[in-house]
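Q: Next up, entry39.csv (CSV, C-alpha atoms and all ligand atoms).
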```
chain,number,residue,atom,x,y,z
A,1,MET,CA,110.3,14.3,251.4
A,2,LYS,CA,109.1,11.9,254.0
A,3,ALA,CA,110.3,8.3,253.9
A,4,TYR,CA,110.6,5.3,256.2
A,5,GLN,CA,113.9,3.9,257.1
A,6,TYR,CA,114.6,0.7,258.9
A,7,ARG,CA,117.8,-0.6,260.5
A,8,MET,CA,118.3,-4.3,260.0
A,9,GLY,CA,118.0,-6.7,262.9
A,10,GLY,CA,115.5,-4.8,265.0
A,11,SER,CA,111.8,-5.0,265.1
A,12,ILE,CA,108.8,-3.0,263.8
A,13,ASP,CA,109.7,-0.4,266.5
A,14,GLU,CA,112.9,0.4,264.5
A,15,LEU,CA,110.9,1.9,261.6
A,16,LYS,CA,111.6,5.6,261.6
A,17,LEU,CA,109.8,8.3,259.5
A,18,VAL,CA,112.7,10.5,258.3
A,19,ASP,CA,113.3,13.4,255.9
A,20,LEU,CA,115.3,12.5,252.8
A,21,PRO,CA,116.2,14.6,249.7
A,22,GLU,CA,113.6,14.5,246.9
A,23,PRO,CA,115.1,12.5,244.0
A,24,SER,CA,115.4,13.9,240.4
A,25,ALA,CA,115.3,11.9,237.1
A,26,GLY,CA,118.6,11.2,235.4
A,27,PRO,CA,118.9,10.0,231.8
A,28,GLY,CA,116.5,7.0,231.3
A,29,GLU,CA,114.8,7.5,234.6
A,30,VAL,CA,111.4,8.5,235.9
A,31,VAL,CA,110.4,10.0,239.3
A,32,VAL,CA,107.3,8.5,240.7
A,33,ARG,CA,105.2,10.3,243.3
A,34,MET,CA,104.2,7.2,245.3
A,35,ARG,CA,100.4,7.3,246.2
A,36,ALA,CA,99.9,3.9,247.8
A,37,ALA,CA,101.8,0.9,249.0
A,38,SER,CA,100.8,-2.5,250.2
A,39,ILE,CA,102.4,-4.8,252.8
A,40,ASN,CA,103.3,-8.5,252.6
A,41,PHE,CA,104.2,-11.2,255.1
A,42,ARG,CA,107.7,-10.7,253.6
A,43,ASP,CA,107.9,-7.2,255.1
A,44,LEU,CA,107.5,-8.8,258.5
A,45,LEU,CA,110.5,-11.0,257.7
A,46,VAL,CA,112.5,-8.0,256.6
A,47,VAL,CA,111.8,-5.9,259.7
A,48,SER,CA,112.6,-8.9,262.0
A,49,GLY,CA,115.9,-9.6,260.1
A,50,ARG,CA,114.6,-13.0,258.9
A,51,TYR,CA,114.4,-12.3,255.2
A,52,PRO,CA,116.2,-15.2,253.4
A,53,ARG,CA,117.6,-13.0,250.7
A,54,GLY,CA,120.5,-10.6,251.7
A,55,GLN,CA,119.3,-7.2,252.9
A,56,GLN,CA,120.8,-3.8,253.3
A,57,ASP,CA,121.6,-2.6,256.8
A,58,LEU,CA,119.7,0.7,256.5
A,59,ILE,CA,116.8,0.5,254.1
A,60,VAL,CA,113.6,2.1,252.9
A,61,PRO,CA,111.2,-0.8,253.3
A,62,LEU,CA,108.3,-2.2,251.3
A,63,SER,CA,108.4,-3.7,247.8
A,64,ASP,CA,104.9,-3.0,246.6
A,65,GLY,CA,103.7,0.5,245.6
A,66,ALA,CA,101.9,2.5,243.0
A,67,GLY,CA,102.1,6.1,241.9
A,68,GLU,CA,102.2,8.6,239.1
A,69,ILE,CA,105.2,9.9,237.1
A,70,VAL,CA,106.0,13.5,237.9
A,71,ASP,CA,109.3,13.8,236.1
A,72,ARG,CA,111.2,12.0,233.3
A,73,GLY,CA,114.8,12.1,232.3
A,74,GLU,CA,116.4,12.5,228.9
A,75,GLY,CA,115.8,9.6,226.5
A,76,VAL,CA,112.5,8.4,228.2
A,77,THR,CA,109.9,8.1,225.4
A,78,GLU,CA,107.6,5.2,226.4
A,79,LEU,CA,106.3,6.9,229.5
A,80,ALA,CA,105.0,10.4,230.2
A,81,VAL,CA,104.4,12.7,233.2
A,82,GLY,CA,101.0,11.7,234.6
A,83,ASP,CA,101.3,8.0,233.7
A,84,ARG,CA,100.2,5.7,236.6
A,85,VAL,CA,102.8,2.9,237.3
A,86,THR,CA,104.0,0.3,239.7
A,87,PRO,CA,107.7,-0.6,240.0
A,88,ILE,CA,108.6,-4.3,239.5
A,89,PHE,CA,109.7,-6.3,242.6
A,90,PHE,CA,113.0,-7.7,241.2
A,91,GLN,CA,114.3,-4.6,239.5
A,92,ASP,CA,116.8,-6.6,237.4
A,93,TRP,CA,114.5,-9.5,236.3
A,94,ASP,CA,113.1,-8.5,232.9
A,95,ARG,CA,112.2,-11.8,231.3
A,96,GLY,CA,113.1,-15.5,230.9
A,97,PRO,CA,114.3,-17.6,233.9
A,98,MET,CA,115.4,-15.7,236.9
A,99,ARG,CA,119.3,-15.4,237.2
A,100,ASP,CA,121.0,-15.6,240.6
A,101,SER,CA,122.1,-12.0,240.3
A,102,ASP,CA,118.4,-10.8,239.9
A,103,SER,CA,117.7,-11.8,243.5
A,104,HIS,CA,119.9,-8.9,244.7
A,105,SER,CA,117.6,-6.4,243.2
A,106,ALA,CA,114.5,-6.9,245.4
A,107,LEU,CA,112.8,-3.7,246.4
A,108,GLY,CA,112.5,-3.1,250.2
A,109,GLY,CA,115.0,-5.9,251.1
A,110,SER,CA,118.1,-5.9,248.9
A,111,ILE,CA,117.6,-2.3,247.7
A,112,ASP,CA,115.5,0.6,248.9
A,113,GLY,CA,111.8,0.1,248.6
A,114,VAL,CA,108.7,2.3,248.1
A,115,ALA,CA,107.8,3.6,251.6
A,116,ALA,CA,108.6,7.1,250.5
A,117,GLU,CA,106.8,10.0,248.9
A,118,TYR,CA,109.0,10.0,245.8
A,119,ARG,CA,111.1,7.3,244.2
A,120,VAL,CA,113.3,7.3,241.1
A,121,PHE,CA,113.3,4.2,238.9
A,122,CYS,CA,114.8,3.3,235.5
A,123,ALA,CA,111.9,3.8,233.1
A,124,ASP,CA,111.9,0.1,232.0
A,125,LYS,CA,111.6,-1.1,235.6
A,126,VAL,CA,108.0,0.2,236.1
A,127,VAL,CA,104.8,-1.1,234.4
A,128,LYS,CA,101.6,0.7,233.7
A,129,ILE,CA,98.6,0.1,236.0
A,130,PRO,CA,95.5,-1.6,234.7
A,131,ALA,CA,93.0,1.2,233.9
A,132,HIS,CA,90.2,0.1,236.2
A,133,LEU,CA,92.4,-0.1,239.3
A,134,SER,CA,93.0,2.7,242.0
A,135,PHE,CA,96.5,3.4,243.2
A,136,ALA,CA,95.7,1.3,246.4
A,137,GLU,CA,94.5,-1.6,244.3
A,138,ALA,CA,97.4,-1.5,241.9
A,139,SER,CA,99.9,-1.3,244.9
A,140,THR,CA,99.0,-4.9,245.7
A,141,LEU,CA,100.2,-6.3,242.4
A,142,PRO,CA,104.1,-6.4,242.4
A,143,CYS,CA,104.7,-9.2,244.9
A,144,ALA,CA,101.5,-11.0,246.0
A,145,ALA,CA,99.6,-11.0,242.7
A,146,LEU,CA,102.6,-11.7,240.5
A,147,THR,CA,103.7,-14.6,242.7
A,148,ALA,CA,100.2,-16.2,242.4
A,149,TRP,CA,100.3,-15.5,238.6
A,150,ASN,CA,103.7,-17.1,238.2
A,151,GLY,CA,102.6,-20.2,240.0
A,152,LEU,CA,99.5,-20.6,237.8
A,153,HIS,CA,101.1,-19.5,234.5
A,154,GLY,CA,104.6,-21.1,234.8
A,155,PRO,CA,105.8,-24.2,232.9
A,156,ARG,CA,102.4,-25.9,233.1
A,157,PRO,CA,99.8,-23.1,232.8
A,158,VAL,CA,96.4,-23.6,234.5
A,159,VAL,CA,93.6,-24.5,232.1
A,160,ALA,CA,89.8,-24.4,232.4
A,161,GLY,CA,88.6,-27.5,234.4
A,162,ASP,CA,91.8,-27.8,236.5
A,163,THR,CA,91.5,-27.9,240.2
A,164,VAL,CA,93.6,-25.4,242.0
A,165,LEU,CA,94.3,-25.6,245.7
A,166,THR,CA,95.5,-22.5,247.6
A,167,LEU,CA,96.4,-22.2,251.2
A,168,GLY,CA,95.1,-19.6,253.7
A,169,THR,CA,93.4,-16.3,252.8
A,170,GLY,CA,96.3,-13.9,252.8
A,171,GLY,CA,97.4,-11.8,249.9
A,172,VAL,CA,99.0,-14.4,247.6
A,173,SER,CA,96.3,-17.0,248.2
A,174,ILE,CA,93.4,-14.7,247.4
A,175,PHE,CA,95.0,-13.6,244.2
A,176,ALA,CA,95.5,-17.3,243.3
A,177,LEU,CA,91.8,-17.9,243.9
A,178,GLN,CA,90.8,-14.9,241.7
A,179,PHE,CA,93.2,-15.8,238.8
A,180,ALA,CA,92.3,-19.5,238.9
A,181,HIS,CA,88.6,-18.7,239.0
A,182,ALA,CA,89.0,-16.3,236.1
A,183,ALA,CA,90.8,-19.0,234.1
A,184,GLY,CA,87.9,-21.4,234.5
A,185,ALA,CA,89.5,-23.6,237.1
A,186,CYS,CA,87.7,-25.1,240.1
A,187,VAL,CA,89.3,-23.5,243.3
A,188,ALA,CA,89.8,-25.2,246.7
A,189,ILE,CA,91.0,-23.0,249.5
A,190,THR,CA,92.0,-23.6,253.2
A,191,SER,CA,91.7,-21.2,256.1
A,192,SER,CA,91.6,-21.2,259.9
A,193,SER,CA,88.4,-19.3,259.9
A,194,ASP,CA,84.9,-20.3,258.6
A,195,GLU,CA,84.0,-16.6,258.3
A,196,LYS,CA,87.0,-16.1,255.9
A,197,LEU,CA,86.0,-19.3,254.0
A,198,ALA,CA,82.5,-17.8,253.4
A,199,LYS,CA,84.2,-14.7,251.9
A,200,ALA,CA,86.3,-17.0,249.7
A,201,ARG,CA,83.1,-18.8,248.4
A,202,ALA,CA,81.7,-15.4,247.5
A,203,LEU,CA,84.8,-14.8,245.3
A,204,GLY,CA,84.3,-18.1,243.5
A,205,ALA,CA,85.9,-20.9,245.6
A,206,SER,CA,84.1,-24.2,245.1
A,207,TYR,CA,85.7,-26.1,247.9
A,208,THR,CA,86.4,-24.6,251.3
A,209,ILE,CA,88.3,-26.4,254.1
A,210,ASN,CA,89.1,-25.3,257.7
A,211,TYR,CA,92.6,-26.5,258.3
A,212,ARG,CA,92.3,-25.7,262.1
A,213,THR,CA,89.3,-27.9,262.8
A,214,ASN,CA,90.4,-30.5,260.3
A,215,PRO,CA,94.2,-31.0,260.5
A,216,ASP,CA,94.1,-33.9,258.0
A,217,TRP,CA,92.5,-31.5,255.4
A,218,SER,CA,94.0,-33.4,252.4
A,219,ALA,CA,91.5,-36.2,253.1
A,220,GLN,CA,88.6,-33.7,252.9
A,221,LEU,CA,90.1,-32.3,249.6
A,222,ARG,CA,90.3,-35.9,248.2
A,223,GLU,CA,86.7,-36.6,249.2
A,224,LEU,CA,85.4,-33.2,247.8
A,225,THR,CA,87.1,-33.9,244.4
A,226,GLY,CA,86.1,-37.5,244.1
A,227,ASN,CA,89.8,-38.4,244.7
A,228,ARG,CA,90.8,-36.5,241.6
A,229,ARG,CA,92.8,-34.0,243.7
A,230,ALA,CA,94.5,-30.8,242.7
A,231,ASP,CA,96.4,-30.1,239.4
A,232,HIS,CA,98.1,-27.1,241.0
A,233,VAL,CA,98.8,-26.2,244.7
A,234,ILE,CA,99.8,-22.6,245.6
A,235,GLU,CA,101.9,-23.7,248.6
A,236,THR,CA,102.0,-20.6,250.8
A,237,GLY,CA,102.4,-22.6,254.0
A,238,GLY,CA,105.9,-24.2,254.1
A,239,GLY,CA,107.3,-27.4,255.6
A,240,GLY,CA,104.4,-27.7,258.0
A,241,THR,CA,101.8,-27.9,255.3
A,242,LEU,CA,103.7,-29.6,252.5
A,243,LEU,CA,102.8,-33.2,253.3
A,244,GLN,CA,99.1,-32.3,253.3
A,245,SER,CA,99.7,-30.5,250.0
A,246,ILE,CA,101.4,-33.5,248.5
A,247,GLN,CA,98.5,-35.7,249.6
A,248,SER,CA,96.1,-33.2,248.0
A,249,THR,CA,97.8,-33.3,244.5
A,250,ARG,CA,97.2,-35.6,241.6
A,251,ARG,CA,99.9,-37.6,240.0
A,252,ASP,CA,101.8,-35.3,237.6
A,253,GLY,CA,100.3,-32.3,239.4
A,254,TRP,CA,102.4,-29.2,240.4
A,255,ILE,CA,103.1,-27.8,243.8
A,256,HIS,CA,104.4,-24.2,243.7
A,257,ILE,CA,106.6,-23.7,246.7
A,258,ILE,CA,106.1,-20.1,247.8
A,259,GLY,CA,105.6,-19.7,251.6
A,260,LEU,CA,107.6,-19.8,254.8
A,261,ILE,CA,104.8,-19.3,257.3
A,262,SER,CA,104.6,-22.8,258.7
A,263,PRO,CA,108.0,-24.5,259.5
A,264,GLY,CA,108.5,-28.3,259.3
A,265,GLU,CA,110.3,-31.1,257.5
A,266,ILE,CA,109.1,-34.0,255.4
A,267,ASP,CA,110.6,-37.2,254.0
A,268,PRO,CA,111.2,-36.8,250.2
A,269,VAL,CA,109.8,-40.3,249.7
A,270,HIS,CA,106.3,-38.8,249.8
A,271,ILE,CA,107.1,-36.7,246.7
A,272,LEU,CA,108.4,-39.9,245.0
A,273,LEU,CA,105.3,-42.0,245.9
A,274,ALA,CA,102.8,-39.2,244.9
A,275,GLY,CA,104.6,-38.5,241.6
A,276,VAL,CA,104.2,-34.7,241.9
A,277,THR,CA,106.5,-31.9,240.8
A,278,LEU,CA,107.7,-29.3,243.4
A,279,ARG,CA,108.7,-26.0,241.9
A,280,GLY,CA,110.4,-23.1,243.8
A,281,THR,CA,108.5,-20.0,242.8
A,282,GLU,CA,109.7,-16.5,243.4
A,283,VAL,CA,107.5,-13.5,242.4
A,284,GLY,CA,108.1,-13.0,238.7
A,285,SER,CA,109.7,-11.0,235.9
A,286,ARG,CA,108.7,-7.7,234.3
A,287,ASP,CA,107.3,-9.5,231.2
A,288,MET,CA,105.2,-11.8,233.5
A,289,PHE,CA,103.9,-8.6,235.2
A,290,ALA,CA,102.9,-7.1,231.9
A,291,ALA,CA,101.1,-10.3,230.9
A,292,MET,CA,99.3,-10.4,234.3
A,293,ASN,CA,98.2,-6.8,233.9
A,294,ARG,CA,96.7,-7.5,230.5
A,295,SER,CA,94.8,-10.4,231.9
A,296,ILE,CA,93.6,-8.4,235.0
A,297,GLU,CA,92.3,-5.7,232.6
A,298,HIS,CA,90.6,-8.2,230.4
A,299,SER,CA,89.0,-10.2,233.3
A,300,SER,CA,88.3,-7.1,235.4
A,301,VAL,CA,89.8,-8.8,238.5
A,302,LYS,CA,89.9,-6.4,241.4
A,303,PRO,CA,92.3,-6.9,244.3
A,304,VAL,CA,90.7,-7.5,247.6
A,305,ILE,CA,91.7,-4.9,250.2
A,306,ASP,CA,91.0,-5.8,253.8
A,307,ARG,CA,92.0,-2.5,255.4
A,308,SER,CA,93.9,0.7,254.5
A,309,PHE,CA,96.2,2.7,256.8
A,310,ALA,CA,97.6,6.2,256.7
A,311,PHE,CA,101.3,6.5,255.9
A,312,GLU,CA,102.2,7.5,259.4
A,313,ASP,CA,100.5,4.3,260.7
A,314,LEU,CA,102.8,1.9,258.8
A,315,PRO,CA,104.1,0.3,262.0
A,316,GLU,CA,100.4,-0.3,263.1
A,317,ALA,CA,99.6,-1.8,259.7
A,318,LEU,CA,102.5,-4.3,260.1
A,319,ARG,CA,101.3,-5.2,263.6
A,320,TYR,CA,97.8,-5.8,262.1
A,321,LEU,CA,99.3,-8.0,259.4
A,322,GLU,CA,101.2,-9.9,262.1
A,323,THR,CA,97.9,-10.9,263.8
A,324,GLY,CA,96.8,-12.8,260.6
A,325,SER,CA,93.3,-11.5,261.0
A,326,HIS,CA,93.2,-9.9,257.5
A,327,PHE,CA,91.6,-11.4,254.3
A,328,GLY,CA,93.5,-10.4,251.1
A,329,LYS,CA,95.6,-7.3,251.2
A,330,ILE,CA,96.5,-4.4,253.5
A,331,THR,CA,97.3,-1.1,251.9
A,332,ILE,CA,98.9,2.2,252.9
A,333,GLU,CA,97.9,5.6,251.6
A,334,ILE,CA,100.9,7.8,250.8
B,1,LIG,N1,108.1,-17.1,247.0
B,1,LIG,C1,107.8,-15.8,246.8
B,1,LIG,O1,108.2,-15.1,245.9
B,1,LIG,C2,106.8,-15.2,247.8
B,1,LIG,C3,106.0,-14.1,247.4
B,1,LIG,C4,105.0,-13.6,248.3
B,1,LIG,C5,104.9,-14.3,249.5
B,1,LIG,N2,105.6,-15.3,249.8
B,1,LIG,C6,105.4,-16.1,251.1
B,1,LIG,O2,104.1,-16.6,251.0
B,1,LIG,C7,103.5,-16.7,252.3
B,1,LIG,C8,102.2,-15.9,252.2
B,1,LIG,O3,102.5,-14.6,252.0
B,1,LIG,P1,101.3,-13.5,252.0
B,1,LIG,O4,101.9,-12.1,251.9
B,1,LIG,O5,100.2,-13.9,251.2
B,1,LIG,O6,100.9,-13.6,253.6
B,1,LIG,P2,99.7,-13.1,254.4
B,1,LIG,O7,98.9,-12.1,253.6
B,1,LIG,O8,100.2,-12.6,255.7
B,1,LIG,O9,98.8,-14.3,254.6
B,1,LIG,C9,99.1,-15.4,255.4
B,1,LIG,C10,97.9,-16.3,255.6
B,1,LIG,O10,98.4,-17.6,255.7
B,1,LIG,C11,97.5,-18.4,256.4
B,1,LIG,N3,98.2,-19.4,257.3
B,1,LIG,C12,98.9,-19.1,258.4
B,1,LIG,N4,99.3,-20.3,258.9
B,1,LIG,C13,98.9,-21.3,258.0
B,1,LIG,C14,99.0,-22.7,258.0
B,1,LIG,N5,99.6,-23.3,259.0
B,1,LIG,N6,98.4,-23.3,257.0
B,1,LIG,C15,97.8,-22.7,256.0
B,1,LIG,N7,97.7,-21.4,256.0
B,1,LIG,C16,98.2,-20.7,257.0
B,1,LIG,C17,96.6,-17.5,257.1
B,1,LIG,O11,95.3,-17.6,256.5
B,1,LIG,P3,93.9,-17.8,257.4
B,1,LIG,O12,93.8,-16.6,258.3
B,1,LIG,O13,92.9,-17.9,256.3
B,1,LIG,O14,94.1,-19.1,258.1
B,1,LIG,C18,97.2,-16.1,256.9
B,1,LIG,O15,96.2,-15.1,256.8
B,1,LIG,C19,104.6,-16.0,253.2
B,1,LIG,O16,105.4,-17.0,253.8
B,1,LIG,C20,105.4,-15.2,252.3
B,1,LIG,O17,106.7,-15.0,252.8
B,1,LIG,C21,106.6,-15.8,249.0
```
For this file, produce the structure as structure tokens.
Ligand SMILES: NC(=O)c1ccc[n+]([C@@H]2O[C@H](COP(=O)([O-])OP(=O)(O)OC[C@H]3O[C@@H](n4cnc5c(N)ncnc54)[C@H](OP(=O)(O)O)[C@@H]3O)[C@@H](O)[C@H]2O)c1
A:
Amino acid sequence: MKAYQYRMGGSIDELKLVDLPEPSAGPGEVVVRMRAASINFRDLLVVSGRYPRGQQDLIVPLSDGAGEIVDRGEGVTELAVGDRVTPIFFQDWDRGPMRDSDSHSALGGSIDGVAAEYRVFCADKVVKIPAHLSFAEASTLPCAALTAWNGLHGPRPVVAGDTVLTLGTGGVSIFALQFAHAAGACVAITSSSDEKLAKARALGASYTINYRTNPDWSAQLRELTGNRRADHVIETGGGGTLLQSIQSTRRDGWIHIIGLISPGEIDPVHILLAGVTLRGTEVGSRDMFAAMNRSIEHSSVKPVIDRSFAFEDLPEALRYLETGSHFGKITIEI
């Protein structure tokens, strides 16, 4: 079978399409014929050796994929050949709070990922795809969608009438917009592009703010909300956006620390004075994934795909992601 392999510490040019043996299903396992994958900002960190979690030296990249079961091993009863599934991002994180050891089971970083024609998984490490989604749409769920879901449905779940602020128009942020809107929240979103902000309004965003033309964008958010500010912030930026995010959040509001795009440092006194809670948020567990899929099915949310690439054009797809010109997700047909 064809698969990509990447040797750590190089660049996108180090991605090689190679022939690997086709896997077979052992007891308790299923073989998935991968049909689609999607790429994340995180994959750029992996291929440039900047992924903050440990990573294998030689690895099959990409965490997010979808496919159909073509073989199942002895003892697998919950899944059948032909079932459409996606593997979970942290293969060891089933439920409850994440344990330190779960972080060593991240697909396409710590262990081999999904950029392959076939992959074998333990049967309880995949979840069924919502019925109304294509393989490409479902391939966007394991990392980007689940991270947004975890932010909004963590210790203080979003409720109708909340204001949710989400940063940029990449994969995580557009899912946050869609989930928050479906939950009846009022959504505010930032972007460097007015054209992308118009697309965000079409998806249900009430407040749209250009962070490039208005670097003090928290002032605009406060004005737009009558100084009520956000109950939740999906913080995909990083140290460089955090102060603005704090100043956009109401007292007792939650900021879900997710992104590493924009470096910078802030004085913790701002957190104290604003009375906000910062929460490190990493993807999510299998049980959260199942809950998210039930909600996606019920609300008919459809992932937003900006562009799709052929399998042999994965390096080109990553270069396109690097430009930041996309809106939502970029997928790969396998
Ligand atoms: N903690 C976790 O578990 C987890 C999971 C998934 C992703 N992440 C992280 O979350 C971040 C977003 O991931 P993604 O896959 O959604 O990325 P992505 O699809 O590449 O989207 C990135 C978007 O961020 C926006 N952006 C860039 N610089 C910005 C800035 N200074 N302020 C505000 N927005 C800015 C841009 O939007 P515009 O073009 O609209 O300006 C860009 O399109 C990354 O750092 C990624 O590593 C973390």
Q: Check which residues fall inside 6 Å of ligand LIG 1 (chain B) when counting all atoms listed in the file, and print them as an NGL selection string.
A: :A and (40-42 or 143-144 or 147 or 167-173 or 191-193 or 236-237 or 241 or 258-262 or 281-283 or 321 or 324-325)
Q: Could you tell me how far atom CA of A:Ser248 sits from atom CA of A:Leu272, in Å to one decimal place?
A: 14.3 Å
Q: Neighbours of A:His256 within 8 Å (only C-alpha atoms; same-chain residues fewer than 2 positions away dropped), as a list in words?
A: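 Returned residues: Gly151, His232, Val233, Ile234, Glu235, Trp254, Ile258, Leu278, Arg279, Gly280 and Thr281 of chain A.
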Q: Which residue gives the smallest distance to A:Val301 among A:Gln91, A:Ser48, A:Thr86, A:Gln178, with all atoms listed in the file counted?
A: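 Ranked by minimum distance to A:Val301, first place goes to A:Gln178.
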Q: Provide the atom CA of A:Ile257 to atom CA of A:Ile59 distance in Å, to one decimal place.
A: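 Between atom CA of A:Ile257 and atom CA of A:Ile59 the gap is 27.3 Å.
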Q: Work out how far apart atom CA of A:Gln55 and atom CA of A:Glu22 are and give it in Å to one decimal.
A: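 A separation of 23.2 Å between them.
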Q: What would stretch 16-34 of chain A look like with N, CA and C atoms in place, written as an mmCIF file, in the coordinates of the input?
A:
```
data_model
loop_
_atom_site.group_PDB
_atom_site.id
_atom_site.type_symbol
_atom_site.label_atom_id
_atom_site.label_comp_id
_atom_site.auth_asym_id
_atom_site.auth_seq_id
_atom_site.Cartn_x
_atom_site.Cartn_y
_atom_site.Cartn_z
ATOM 1 N N LYS A 16 111.600 4.168 261.256
ATOM 2 C CA LYS A 16 111.600 5.600 261.600
ATOM 3 C C LYS A 16 111.138 6.391 260.354
ATOM 4 N N LEU A 17 110.257 7.360 260.569
ATOM 5 C CA LEU A 17 109.800 8.300 259.500
ATOM 6 C C LEU A 17 110.851 9.405 259.477
ATOM 7 N N VAL A 18 111.554 9.575 258.341
ATOM 8 C CA VAL A 18 112.700 10.500 258.300
ATOM 9 C C VAL A 18 112.466 11.478 257.081
ATOM 10 N N ASP A 19 113.272 12.542 257.036
ATOM 11 C CA ASP A 19 113.300 13.400 255.900
ATOM 12 C C ASP A 19 114.477 13.053 255.000
ATOM 13 N N LEU A 20 114.209 12.800 253.722
ATOM 14 C CA LEU A 20 115.300 12.500 252.800
ATOM 15 C C LEU A 20 115.171 13.446 251.594
ATOM 16 N N PRO A 21 116.265 13.657 250.853
ATOM 17 C CA PRO A 21 116.200 14.600 249.700
ATOM 18 C C PRO A 21 115.251 14.002 248.617
ATOM 19 N N GLU A 22 114.500 14.887 248.004
ATOM 20 C CA GLU A 22 113.600 14.500 246.900
ATOM 21 C C GLU A 22 114.464 14.088 245.708
ATOM 22 N N PRO A 23 114.214 12.933 245.088
ATOM 23 C CA PRO A 23 115.100 12.500 244.000
ATOM 24 C C PRO A 23 114.721 13.271 242.673
ATOM 25 N N SER A 24 115.674 13.313 241.738
ATOM 26 C CA SER A 24 115.400 13.900 240.400
ATOM 27 C C SER A 24 115.709 12.811 239.367
ATOM 28 N N ALA A 25 115.156 12.986 238.168
ATOM 29 C CA ALA A 25 115.300 11.900 237.100
ATOM 30 C C ALA A 25 116.572 12.186 236.308
ATOM 31 N N GLY A 26 117.477 11.191 236.289
ATOM 32 C CA GLY A 26 118.600 11.200 235.400
ATOM 33 C C GLY A 26 118.230 10.649 234.047
ATOM 34 N N PRO A 27 119.182 10.544 233.119
ATOM 35 C CA PRO A 27 118.900 10.000 231.800
ATOM 36 C C PRO A 27 118.260 8.571 231.949
ATOM 37 N N GLY A 28 117.160 8.331 231.245
ATOM 38 C CA GLY A 28 116.500 7.000 231.300
ATOM 39 C C GLY A 28 115.709 6.703 232.488
ATOM 40 N N GLU A 29 115.531 7.706 233.372
ATOM 41 C CA GLU A 29 114.800 7.500 234.600
ATOM 42 C C GLU A 29 113.511 8.243 234.723
ATOM 43 N N VAL A 30 112.644 7.781 235.624
ATOM 44 C CA VAL A 30 111.400 8.500 235.900
ATOM 45 C C VAL A 30 111.325 8.703 237.447
ATOM 46 N N VAL A 31 110.754 9.830 237.864
ATOM 47 C CA VAL A 31 110.400 10.000 239.300
ATOM 48 C C VAL A 31 108.965 9.720 239.472
ATOM 49 N N VAL A 32 108.670 8.863 240.448
ATOM 50 C CA VAL A 32 107.300 8.500 240.700
ATOM 51 C C VAL A 32 106.875 9.068 242.067
ATOM 52 N N ARG A 33 105.770 9.829 242.049
ATOM 53 C CA ARG A 33 105.200 10.300 243.300
ATOM 54 C C ARG A 33 104.349 9.103 243.818
ATOM 55 N N MET A 34 104.854 8.406 244.848
ATOM 56 C CA MET A 34 104.200 7.200 245.300
ATOM 57 C C MET A 34 102.840 7.630 245.985
#
```
